[in-house]
Structure formats: C-alpha cells, structure tokens
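Trainee: What follows is final-v8.cif; its format and atoms are mmCIF, C-alpha atoms and all ligand atoms.
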```cif
data_model
#
loop_
_atom_site.label_atom_id
_atom_site.label_comp_id
_atom_site.auth_asym_id
_atom_site.auth_seq_id
_atom_site.Cartn_x
_atom_site.Cartn_y
_atom_site.Cartn_z
CA MET K 180 126.95 90.61 193.54
CA LYS K 181 125.36 93.73 192.18
CA ASN K 182 121.71 94.58 191.97
CA LYS K 183 122.17 96.16 188.56
CA PRO K 184 125.06 94.22 187.01
CA VAL K 185 126.81 95.37 183.88
CA LEU K 186 125.98 92.70 181.32
CA ASN K 187 128.12 91.72 178.35
CA LEU K 188 126.26 89.58 175.87
CA VAL K 189 129.00 87.65 174.08
CA ILE K 190 128.28 86.49 170.55
CA PRO K 191 130.76 84.71 168.28
CA CYS K 192 130.08 85.35 164.59
CA TYR K 193 131.38 83.37 161.67
CA ASN K 194 129.93 84.25 158.27
CA GLU K 195 126.80 85.60 159.88
CA GLU K 196 126.05 88.60 157.64
CA GLN K 197 122.66 87.12 156.83
CA ALA K 198 121.69 86.57 160.44
CA LEU K 199 123.03 89.82 161.92
CA PRO K 200 120.28 92.24 160.79
CA TYR K 201 117.70 90.07 162.56
CA THR K 202 119.96 89.65 165.57
CA GLU K 203 120.44 93.41 165.80
CA LYS K 204 116.71 94.08 165.69
CA VAL K 205 115.91 91.54 168.38
CA LEU K 206 118.80 92.55 170.63
CA ASN K 207 117.99 96.27 170.43
CA GLU K 208 114.57 95.44 171.86
CA LYS K 209 115.85 92.98 174.42
CA MET K 210 118.64 95.15 175.81
CA LYS K 211 116.28 98.12 176.02
CA GLN K 212 113.79 96.04 177.96
CA LEU K 213 116.46 94.68 180.33
CA MET K 214 117.69 98.21 181.05
CA GLU K 215 114.19 99.63 181.50
CA ASP K 216 113.23 96.80 183.84
CA GLY K 217 116.32 97.65 185.86
CA LEU K 218 117.72 94.14 185.49
CA VAL K 219 121.02 95.32 184.07
CA ASP K 220 123.12 98.46 184.13
CA LYS K 221 122.91 101.02 181.31
CA LYS K 222 126.59 100.38 180.59
CA SER K 223 125.76 96.87 179.39
CA ARG K 224 127.08 95.88 175.97
CA VAL K 225 126.69 93.33 173.22
CA VAL K 226 130.13 91.96 172.34
CA LEU K 227 130.31 90.63 168.78
CA VAL K 228 133.39 88.56 168.03
CA ASN K 229 134.16 88.20 164.35
CA ASP K 230 135.84 84.83 163.96
CA GLY K 231 137.69 85.51 160.70
CA SER K 232 134.52 85.58 158.60
CA LYS K 233 134.87 85.42 154.84
CA ASP K 234 131.76 87.46 154.14
CA ARG K 235 130.79 90.99 155.20
CA THR K 236 130.24 90.15 158.86
CA TRP K 237 132.91 92.54 160.12
CA GLU K 238 131.52 95.41 158.04
CA ALA K 239 128.09 94.66 159.49
CA ILE K 240 129.50 94.70 163.02
CA THR K 241 131.26 98.02 162.35
CA GLU K 242 128.02 99.53 161.11
CA MET K 243 126.17 98.26 164.16
CA HIS K 244 128.79 99.85 166.40
CA ASP K 245 128.61 103.15 164.50
CA THR K 246 124.84 103.44 164.82
CA ASN K 247 124.71 102.17 168.38
CA PRO K 248 127.73 102.19 170.71
CA MET K 249 126.06 99.45 172.74
CA TYR K 250 127.60 97.08 170.17
CA VAL K 251 131.25 96.27 170.72
CA GLY K 252 133.20 94.50 167.99
CA ILE K 253 136.23 92.25 168.37
CA LYS K 254 137.94 91.05 165.22
CA LEU K 255 140.08 87.94 165.39
CA SER K 256 142.99 87.83 162.97
CA ARG K 257 141.67 84.65 161.36
CA ASN K 258 139.14 81.88 161.85
CA LYS K 259 139.93 80.14 165.13
CA GLY K 260 136.69 78.26 165.72
CA HIS K 261 133.62 78.81 167.83
CA GLN K 262 135.19 77.97 171.20
CA ASN K 263 138.15 80.28 170.79
CA ALA K 264 136.00 83.12 169.49
CA LEU K 265 133.74 82.67 172.49
CA LEU K 266 136.70 82.72 174.85
CA ALA K 267 137.98 85.95 173.27
CA GLY K 268 134.62 87.58 173.98
CA LEU K 269 134.43 86.19 177.50
CA MET K 270 137.89 87.50 178.32
CA TYR K 271 136.81 90.94 177.13
CA ALA K 272 133.76 90.64 179.38
CA LYS K 273 135.95 89.63 182.31
CA ASP K 274 137.57 93.07 182.18
CA HIS K 275 134.48 95.09 181.36
CA ALA K 276 131.43 93.53 182.99
CA ASP K 277 129.94 91.95 186.10
CA ILE K 278 128.30 89.16 184.15
CA ALA K 279 128.66 87.66 180.70
CA ILE K 280 126.03 85.67 178.86
CA SER K 281 127.10 83.75 175.78
CA MET K 282 124.77 83.18 172.84
CA ASP K 283 124.95 82.13 169.20
CA ALA K 284 124.65 84.80 166.54
CA ASP K 285 121.56 83.20 165.02
CA LEU K 286 119.65 83.64 168.30
CA GLN K 287 118.34 80.09 168.03
CA ASP K 288 118.36 79.98 171.79
CA ASP K 289 115.33 81.79 173.12
CA ILE K 290 116.75 85.04 174.47
CA GLN K 291 113.94 85.39 176.99
CA VAL K 292 116.08 83.04 179.08
CA ILE K 293 118.31 86.03 179.88
CA ASP K 294 115.84 87.37 182.47
CA ASP K 295 115.74 84.02 184.22
CA MET K 296 119.53 83.73 184.18
CA ILE K 297 119.97 87.16 185.74
CA GLU K 298 117.34 86.31 188.38
CA LYS K 299 119.34 83.21 189.30
CA TYR K 300 122.57 85.18 189.36
CA LYS K 301 120.97 87.59 191.79
CA LYS K 302 120.01 84.63 193.97
CA GLY K 303 123.67 83.77 194.28
CA ALA K 304 124.64 81.57 191.34
CA GLU K 305 127.98 82.37 189.76
CA ILE K 306 127.30 80.19 186.72
CA VAL K 307 123.88 79.59 185.18
CA TYR K 308 123.70 76.88 182.53
CA GLY K 309 121.20 77.33 179.75
CA VAL K 310 119.60 73.95 179.16
CA ARG K 311 117.23 73.08 176.35
CA SER K 312 113.87 72.04 177.69
CA SER K 313 113.04 69.91 174.68
CA ARG K 314 114.32 68.90 171.30
CA VAL K 315 110.98 68.57 169.54
CA LYS K 316 111.99 71.18 166.97
CA ASP K 317 115.13 69.29 165.99
CA SER K 318 115.24 66.85 163.14
CA PHE K 319 115.41 63.22 164.24
CA PHE K 320 118.99 63.05 163.03
CA LYS K 321 120.15 66.11 164.97
CA ARG K 322 118.37 64.96 168.11
CA PHE K 323 119.80 61.48 167.87
CA THR K 324 123.36 62.65 167.29
CA ALA K 325 123.18 65.44 169.87
CA GLU K 326 121.79 63.26 172.65
CA GLY K 327 124.19 60.50 171.73
CA PHE K 328 126.96 63.08 172.09
CA TYR K 329 126.09 63.83 175.73
CA HIS K 330 125.69 60.16 176.65
CA PHE K 331 128.94 59.22 174.98
CA MET K 332 130.76 62.08 176.68
CA SER K 333 129.71 60.99 180.13
CA LEU K 334 130.50 57.38 179.27
CA MET K 335 134.00 58.52 178.37
CA GLY K 336 134.39 60.24 181.71
CA VAL K 337 133.77 63.86 180.69
CA ASP K 338 131.68 65.84 183.12
CA VAL K 339 129.13 67.76 181.00
CA VAL K 340 125.71 69.24 181.75
CA PHE K 341 123.12 67.31 179.74
CA ASN K 342 121.62 69.28 176.84
CA HIS K 343 123.63 72.36 177.71
CA ALA K 344 125.51 73.92 174.82
CA ASP K 345 127.32 77.20 175.05
CA CYS K 346 124.48 79.39 176.24
CA ARG K 347 125.36 80.32 179.80
CA LEU K 348 125.77 83.10 182.29
CA MET K 349 129.10 83.54 184.03
CA SER K 350 129.82 86.05 186.75
CA HIS K 351 133.02 88.05 186.95
CA LEU K 352 134.27 85.58 189.56
CA ALA K 353 133.59 82.59 187.31
CA LEU K 354 135.29 84.34 184.38
CA GLU K 355 138.38 84.89 186.48
CA GLY K 356 138.30 81.19 187.24
CA LEU K 357 138.00 80.41 183.55
CA ALA K 358 141.00 82.61 182.80
CA GLU K 359 143.11 80.24 184.92
CA TYR K 360 142.63 77.49 182.36
CA LYS K 361 145.43 78.02 179.88
CA GLU K 362 144.81 75.04 177.64
CA VAL K 363 144.93 75.39 173.89
CA ASN K 364 142.39 72.70 172.99
CA LEU K 365 139.38 74.52 174.25
CA PHE K 366 136.21 72.67 175.21
CA LEU K 367 134.30 75.16 177.31
CA ARG K 368 131.46 72.82 178.21
CA GLY K 369 133.97 70.62 179.95
CA ILE K 370 135.98 73.38 181.62
CA VAL K 371 133.14 75.44 183.06
CA PRO K 372 131.76 72.69 185.35
CA GLN K 373 135.30 72.30 186.74
CA ILE K 374 135.46 75.91 187.90
CA GLY K 375 133.04 75.23 190.73
CA TYR K 376 131.04 77.83 192.71
CA GLN K 377 127.30 77.83 193.13
CA THR K 378 125.58 77.01 189.85
CA ASP K 379 122.04 76.91 188.58
CA ILE K 380 120.12 75.94 185.46
CA ALA K 381 117.77 78.00 183.31
CA TYR K 382 115.58 76.21 180.78
CA TYR K 383 114.80 77.54 177.33
CA GLU K 384 113.38 76.50 173.99
CA ARG K 385 115.56 76.42 170.94
CA ASN K 386 114.19 77.61 167.63
CA GLU K 387 115.25 77.11 164.07
CA ARG K 388 118.01 79.16 162.54
CA VAL K 389 116.53 82.36 161.09
CA ALA K 390 119.06 83.01 158.35
CA GLY K 391 122.24 81.58 156.96
CA GLU K 392 123.18 77.99 157.64
CA SER K 393 124.60 75.93 160.46
CA LYS K 394 128.37 76.10 160.87
CA TYR K 395 128.33 72.72 162.58
CA PRO K 396 127.96 70.01 159.96
CA LEU K 397 128.34 66.40 161.10
CA LYS K 398 132.06 66.37 160.39
CA LYS K 399 132.69 69.32 162.69
CA MET K 400 130.36 67.86 165.32
CA LEU K 401 132.34 64.64 165.39
CA SER K 402 135.68 66.38 165.64
CA PHE K 403 134.22 68.57 168.39
CA ALA K 404 133.16 65.47 170.34
CA MET K 405 136.55 63.91 169.80
CA ASP K 406 138.21 67.09 171.05
CA GLY K 407 135.98 67.10 174.10
CA ILE K 408 136.88 63.56 175.02
CA THR K 409 140.58 63.79 174.37
CA SER K 410 140.84 67.12 176.21
CA PHE K 411 139.10 65.91 179.31
CA SER K 412 139.50 62.28 179.87
CA VAL K 413 142.24 59.70 179.97
CA LYS K 414 139.62 56.98 179.92
CA PRO K 415 140.43 55.89 176.35
CA LEU K 416 144.02 55.30 177.49
CA ARG K 417 142.84 53.34 180.52
CA MET K 418 140.71 51.20 178.23
CA ILE K 419 143.88 49.97 176.51
CA ALA K 420 145.14 48.57 179.80
CA SER K 421 141.81 46.85 180.44
CA ILE K 422 141.83 45.30 176.98
CA GLY K 423 145.37 44.05 177.58
CA PHE K 424 144.27 42.50 180.82
CA VAL K 425 141.35 40.73 179.16
CA ILE K 426 143.59 39.36 176.39
CA LEU K 427 146.03 38.10 178.99
CA LEU K 428 143.24 36.28 180.81
CA LEU K 429 142.06 34.82 177.53
CA SER K 430 145.55 33.64 176.76
CA PHE K 431 145.50 31.45 179.87
CA ILE K 432 142.26 29.86 178.72
CA ILE K 433 143.78 29.35 175.27
CA LEU K 434 146.84 27.86 176.93
CA ILE K 435 144.75 25.25 178.74
CA TYR K 436 142.67 24.61 175.62
CA SER K 437 145.70 24.09 173.39
CA VAL K 438 147.37 21.79 175.88
CA ILE K 439 144.22 19.67 176.02
CA MET K 440 144.09 19.64 172.22
CA LYS K 441 147.71 18.55 172.06
CA LEU K 442 147.17 15.77 174.59
CA MET K 443 144.21 14.54 172.57
CA GLY K 444 146.47 14.50 169.56
CA ASN K 445 144.27 16.79 167.49
CA THR K 446 147.09 19.14 166.50
CA VAL K 447 149.84 19.43 163.96
CA SER K 448 153.27 19.80 165.48
CA GLY K 449 154.19 23.37 166.53
CA TRP K 450 150.58 24.58 166.71
CA THR K 451 150.37 24.70 170.53
CA PHE K 452 153.53 26.74 170.84
CA ILE K 453 152.53 29.28 168.19
CA VAL K 454 148.97 29.76 169.46
CA CYS K 455 150.10 30.21 173.06
CA SER K 456 152.85 32.64 172.07
CA ILE K 457 150.55 34.82 169.99
CA TRP K 458 148.01 35.24 172.78
CA LEU K 459 150.48 35.67 175.59
CA ILE K 460 152.65 38.19 173.77
CA GLY K 461 149.59 40.02 172.46
CA GLY K 462 148.20 40.34 175.96
CA ILE K 463 151.47 41.48 177.48
CA GLN K 464 152.04 44.02 174.72
CA THR K 465 148.60 45.53 175.03
CA LEU K 466 148.90 45.69 178.81
CA CYS K 467 152.28 47.41 178.48
CA LEU K 468 150.79 49.92 176.08
CA GLY K 469 148.18 50.62 178.72
CA VAL K 470 150.87 51.22 181.33
CA ILE K 471 152.66 53.62 178.99
CA GLY K 472 149.30 55.23 178.31
CA GLU K 473 148.84 55.79 182.01
CA TYR K 474 152.08 57.80 182.10
CA ILE K 475 151.21 59.71 178.95
CA GLY K 476 147.90 60.56 180.58
CA LYS K 477 149.77 62.00 183.52
CA ILE K 478 152.12 64.03 181.33
CA TYR K 479 149.17 65.27 179.37
CA ASN K 480 147.34 66.39 182.48
CA GLU K 481 150.43 68.14 183.79
CA SER K 482 151.06 69.90 180.51
CA LYS K 483 147.69 71.61 180.67
CA HIS K 484 148.67 73.63 183.74
CA ARG K 485 145.15 73.65 185.00
CA PRO K 486 144.58 75.35 188.34
CA ARG K 487 144.79 72.87 191.19
CA PHE K 488 142.19 74.81 193.15
CA ILE K 489 140.28 78.06 193.11
CA VAL K 490 139.68 79.74 196.46
CA GLU K 491 136.16 81.03 196.85
CA LYS K 492 136.57 82.71 200.23
CA THR K 493 139.04 83.04 203.08
CA ILE K 494 138.11 84.22 206.55
CA ASP K 495 141.02 85.18 208.70
N1 LIG C 501 130.95 80.08 164.92
C1 LIG C 501 132.20 80.70 165.05
N2 LIG C 501 133.29 80.16 164.43
C2 LIG C 501 133.21 79.01 163.68
C3 LIG C 501 131.95 78.36 163.59
C4 LIG C 501 130.86 78.91 164.21
O1 LIG C 501 132.31 81.73 165.71
O2 LIG C 501 134.24 78.59 163.15
C5 LIG C 501 129.78 80.65 165.60
C6 LIG C 501 128.59 80.92 164.71
O3 LIG C 501 128.69 82.18 164.09
C7 LIG C 501 127.45 80.88 165.71
C8 LIG C 501 127.91 79.84 166.72
O4 LIG C 501 129.31 79.71 166.54
O5 LIG C 501 127.27 82.12 166.38
C9 LIG C 501 127.21 78.51 166.60
O6 LIG C 501 127.19 78.08 165.24
P1 LIG C 501 125.88 77.52 164.55
O7 LIG C 501 124.70 78.33 164.93
O8 LIG C 501 126.15 77.40 163.09
O9 LIG C 501 125.79 76.07 165.20
P2 LIG C 501 124.45 75.19 165.43
O10 LIG C 501 123.50 76.07 166.16
O11 LIG C 501 123.96 74.81 164.10
O12 LIG C 501 124.92 74.04 166.26
MG MG C 502 122.87 77.90 165.62
#
```
What is this structure when it is put down as structure tokens?

Mentor:
Amino acid sequence: MKNKPVLNLVIPCYNEEQALPYTEKVLNEKMKQLMEDGLVDKKSRVVLVNDGSKDRTWEAITEMHDTNPMYVGIKLSRNKGHQNALLAGLMYAKDHADIAISMDADLQDDIQVIDDMIEKYKKGAEIVYGVRSSRVKDSFFKRFTAEGFYHFMSLMGVDVVFNHADCRLMSHLALEGLAEYKEVNLFLRGIVPQIGYQTDIAYYERNERVAGESKYPLKKMLSFAMDGITSFSVKPLRMIASIGFVILLLSFIILIYSVIMKLMGNTVSGWTFIVCSIWLIGGIQTLCLGVIGEYIGKIYNESKHRPRFIVEKTID
C-alpha cells in the first residue's frame, strides 16, 4: 500500500457529450485538490471509456486529452454496455495505477466520497464500496424499483452490497483478482464481493443527473437484474425441483381424495385414474426437470472458469 497511490478514475461514457463539459470542469478541480492535498500521486489519471457512443463523445474525449494529458481515452469498437466499458477501464487501471475508482460520467455520485475512499484504502481496505446514504432525491418509482432490485437479488441468492452501484475503489491487488474472472456475462456488483480481501464502505449522496438523460430505462434495468440473477445463482433452477416435490406431495393428497370420492360413488367412470395420473406424472416430470437443472447448474458454473481461490499471502 502506498502513501501516495497513483489513482485512475475510471468513467464509462455512452452518449455523454452533454455531460462531459461539466464533468471535465468538476474533475479538473477535484484532481487538482487531491494532488495538492497529497492524497494521490501526480501521475494520477482520469480514464474515459467511450462505449461506442453515437454522438460526439469521442471527439470530446480527444479534446479533453489534447488540452490536459491527465485525461486518458479508451475507445471501444462498438457499444458493449456499461459493465463491459467499466471493465475495459478497470483493466487499463490494473496496468497503470495503484488504485482505481469507478464513477458514472454524469457525476451523480458525490465525488467528495473519493477522499473518504482513499482514506479507507490507506487504512488497509483493498475494496471500498460506495454506498448511497439515502434515496430521498430519487423519484418514488426509482426508489421502489431500485430497492426492490437489491431485495430480490439477495432473495435469489446473489451476494450484493445493499444500495451499492458501481461506484467503488479497487486496489491493484483487487483488480488482479477481478482479472481472474473470465466470464462474458458481466455483473460486476456480484463479482467484486467474491474477490475477497479486506473491504470497507464509504457513504455518499447521489444527486440528479446534470445533463443528458439516463441510459438505464426500466427495460434495461430489468434485463440487468435478470442478468445478475442468472449469472450468479442457480437458485431459480433449484426452485424447479422444489416445485416438483410439492406437486408430488399434492398428488398423494389428490390420490387419497379421489379414492374417497370413488368409494362414495360421486365420480364418473375413469375420473379417478385420469386425475391421479395427471398429478403424479406432473409431479414426477417437474422433479426430473429440477434434477436436470441441478446438472445444468453445475455445467454452467464450470463453464465460467471462475478462480477457485485467490491467495492473499503466503509465509514460508
Ligand atoms: N453507460 C455506458 N454504456 C451503456 C450505457 C451506459 O457506458 O451502454 C454509462 C453511462 O455513460 C454512464 C453510466 O454508464 O456513465 C451510468 O449510466 P446512467 O448515468 O445513464 O445510469 P443511471 O445513473 O441513470 O442509473
Ligand atoms: Mg447516472
């Protein structure tokens, strides 16, 4: 751990030409302050990743780099989505910096949190999660859906930090750990807690977007949540087996019920046989699907080639 770490501030940008002038102004100030306070090294950079924007974002980034070499630009060949753009920036930071902090281009997350994050890094944390202290500034709808998202994720067996989005500090060590995860369906909020090491939390306020509009409409949010669940948990597959088991149990109750009905003479001929068959076969089929699901879950976990462990230290 270094006293004056080289910081790379990683910022994915998709159609952010309207937000970038503001971002540049604020970051010029902030980086200057961090360097003058001796919190970060003078070689620190702001890494802007252009995620295949359709507007003049890349031109804006190029101009920023030309006027101030503190800005580094990475241009992806096409739009690959927030998570992939972020990963591209983080992997650059892994090779060029001691710590990386990820932020959104609109600077909705209060950047004063950077000081606190670096403090916590200096106290030994390898990962510092930025967590929103409150959601009072969100609309009711956004708050409801966002909080529902975190609850649902943990219900589905995905280990996520509550109210933590993608604003976080990662040390060089943590970035090397992240690089071990080769999966294609990227859900960083799920991967990062799996890396391990000492972690900490820094609280911040989130403001409204200054310019441009949100790139996360409800449709994208839902598919993001779906991605998170299906990339991290085999719980939905397990649920199939449980449902099958319940149906099978029910079929025994139905069996008894239909036999009683038959004995009481309340049935037309053939009814008992058909009703029992439907329930029994339905239960067995669903249970079998669950068993197959269990194997698919295993294959799926194997195919991700995730690291089985990451060694923090060896003394020999
Ligand atoms: N973003 C990206 N690629 C995309 C969509 C979004 O790089 O395909 C970036 C975007 O430029 C921003 C960040 O991801 O820096 C978060 O997006 P946004 O601020 O629109 O999300 P919100 O804050 O509304 O959830
Ligand atoms: Mg935003």

Trainee: Would you name the residues within 6 Å of ligand LIG 501 (chain C), counting only C-alpha atoms and all ligand atoms, and put them as a list in words?

Mentor: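 Listing the residues within 6 Å of ligand LIG 501 (chain C) gives Pro191, Cys192, Tyr193, Glu195, Asp230, Gly260, His261, Ala264, Asp283, Ala284, Asp285, Ser393, Lys394 and Tyr395 of chain K.
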
Trainee: Need the shell around region 480-486 of chain K: protein/DNA/RNA residues with any atom at most 12 Å away, counting only C-alpha atoms. Skip same-chain ones fewer than 2 positions apart. Format as a list in words?

Mentor: Glu355, Gly356, Leu357, Ala358, Glu359, Tyr360, Lys361, Glu362, Val363, Asn364, Leu365, Ile370, Gln373, Ile374, Gly375, Thr409, Ser410, Phe411, Ser412, Val413, Glu473, Tyr474, Ile475, Gly476, Lys477, Ile478, Phe488, Ile489 and Val490 of chain K

Trainee: May I ask for the distance between CA of Lys316 (chain K) and CA of Asn229 (chain K), given in Å to one decimal place?

Mentor: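 According to the coordinates, CA of Lys316 (chain K) and CA of Asn229 (chain K) are separated by 28.1 Å.
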
Trainee: Find the residues near Ile306 (chain K): any atom within 9 Å, counting only C-alpha atoms, skip ones fewer than 4 places away on the same chain, and give them as a CSV table (one decimal) with C-alpha atoms, keeping the file's coordinate frame.

Mentor:
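part.csv written:
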```csv
chain,number,residue,atom,x,y,z
K,296,MET,CA,119.5,83.7,184.2
K,299,LYS,CA,119.3,83.2,189.3
K,300,TYR,CA,122.6,85.2,189.4
K,347,ARG,CA,125.4,80.3,179.8
K,348,LEU,CA,125.8,83.1,182.3
K,349,MET,CA,129.1,83.5,184.0
K,350,SER,CA,129.8,86.0,186.8
K,353,ALA,CA,133.6,82.6,187.3
K,371,VAL,CA,133.1,75.4,183.1
K,372,PRO,CA,131.8,72.7,185.4
K,375,GLY,CA,133.0,75.2,190.7
K,376,TYR,CA,131.0,77.8,192.7
K,377,GLN,CA,127.3,77.8,193.1
K,378,THR,CA,125.6,77.0,189.8
K,379,ASP,CA,122.0,76.9,188.6
K,380,ILE,CA,120.1,75.9,185.5
```

Trainee: Could you jot down the CA of Ile439 (chain K) to CA of Thr451 (chain K) separation for me, Å, one decimal place?

Mentor: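 These two atoms are separated by 9.7 Å.
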
Trainee: Mind pulling up the distance from CA of Arg314 (chain K) to CA of Leu213 (chain K)?

Mentor: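 It comes out at 27.4 Å.
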
Trainee: Hey, what's within 9 Å of Leu352 (chain K) if we count only C-alpha atoms and toss same-chain stuff fewer than 6 positions away? As a list of chain:residue names, please?

Mentor: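 Once the adjacent positions are removed, what remains is K:Lys273, K:Asp277, K:Ile278, K:Glu305, K:Tyr376, K:Glu491.
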
Trainee: Find the residue from K:Ala325, K:Ile463, K:Val340, K:Ala198 that sits nearest to ligand MG 502 (chain C); use only C-alpha atoms and all ligand atoms when measuring.

Mentor: K:Ala198

Trainee: Between K:Met214, K:Val205, K:Cys346, K:Leu397, which is the closest to Thr324 (chain K) once you count only C-alpha atoms?

Mentor: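 Checking each of K:Met214, K:Val205, K:Cys346, K:Leu397 against Thr324 (chain K), counting only C-alpha atoms, the winner is K:Leu397.
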
Trainee: Measuring between all atoms listed in the file, which one of K:Asn342, K:Asn445, K:Asn194, K:Ser333 shows the shortest distance to Val310 (chain K)?

Mentor: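 Comparing K:Asn342, K:Asn445, K:Asn194, K:Ser333 against Val310 (chain K), the winner is K:Asn342.
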
Trainee: Quick one: of K:Val425, K:Ile190, K:Ala304, K:Met332, who's nearest to ligand MG 502 (chain C), counting only C-alpha atoms and all ligand atoms?

Mentor: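 Answer, going by the shortest atom-to-atom distance: K:Ile190.
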
Trainee: Between K:Arg257, K:Arg388, K:Arg322, K:Lys221, single out the one closest to ligand MG 502 (chain C), counting only C-alpha atoms and all ligand atoms.

Mentor: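 Ranking K:Arg257, K:Arg388, K:Arg322, K:Lys221 by distance to ligand MG 502 (chain C), first place goes to K:Arg388.
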
Trainee: Which is closest to Gln197 (chain K) among K:Asp274, K:Asp234, K:Glu242, K:Asp220, if we use only C-alpha atoms?

Mentor: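 Checking each of K:Asp274, K:Asp234, K:Glu242, K:Asp220 against Gln197 (chain K), counting only C-alpha atoms, the winner is K:Asp234.
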
Trainee: Pick out the residues sitting within 8 Å of Gly268 (chain K), and hand them over as a VMD selection string; count all atoms listed in the file, and ignore anything fewer than 5 positions along from it in its own chain.

Mentor: chain K and resid 189 to 191 226 to 228 253

Trainee: Residues at most 7 Å from Phe366 (chain K), counting all atoms listed in the file, excluding those fewer than 3 positions away in the same chain, as a VMD selection string?

Mentor: chain K and resid 262 369 to 370 407
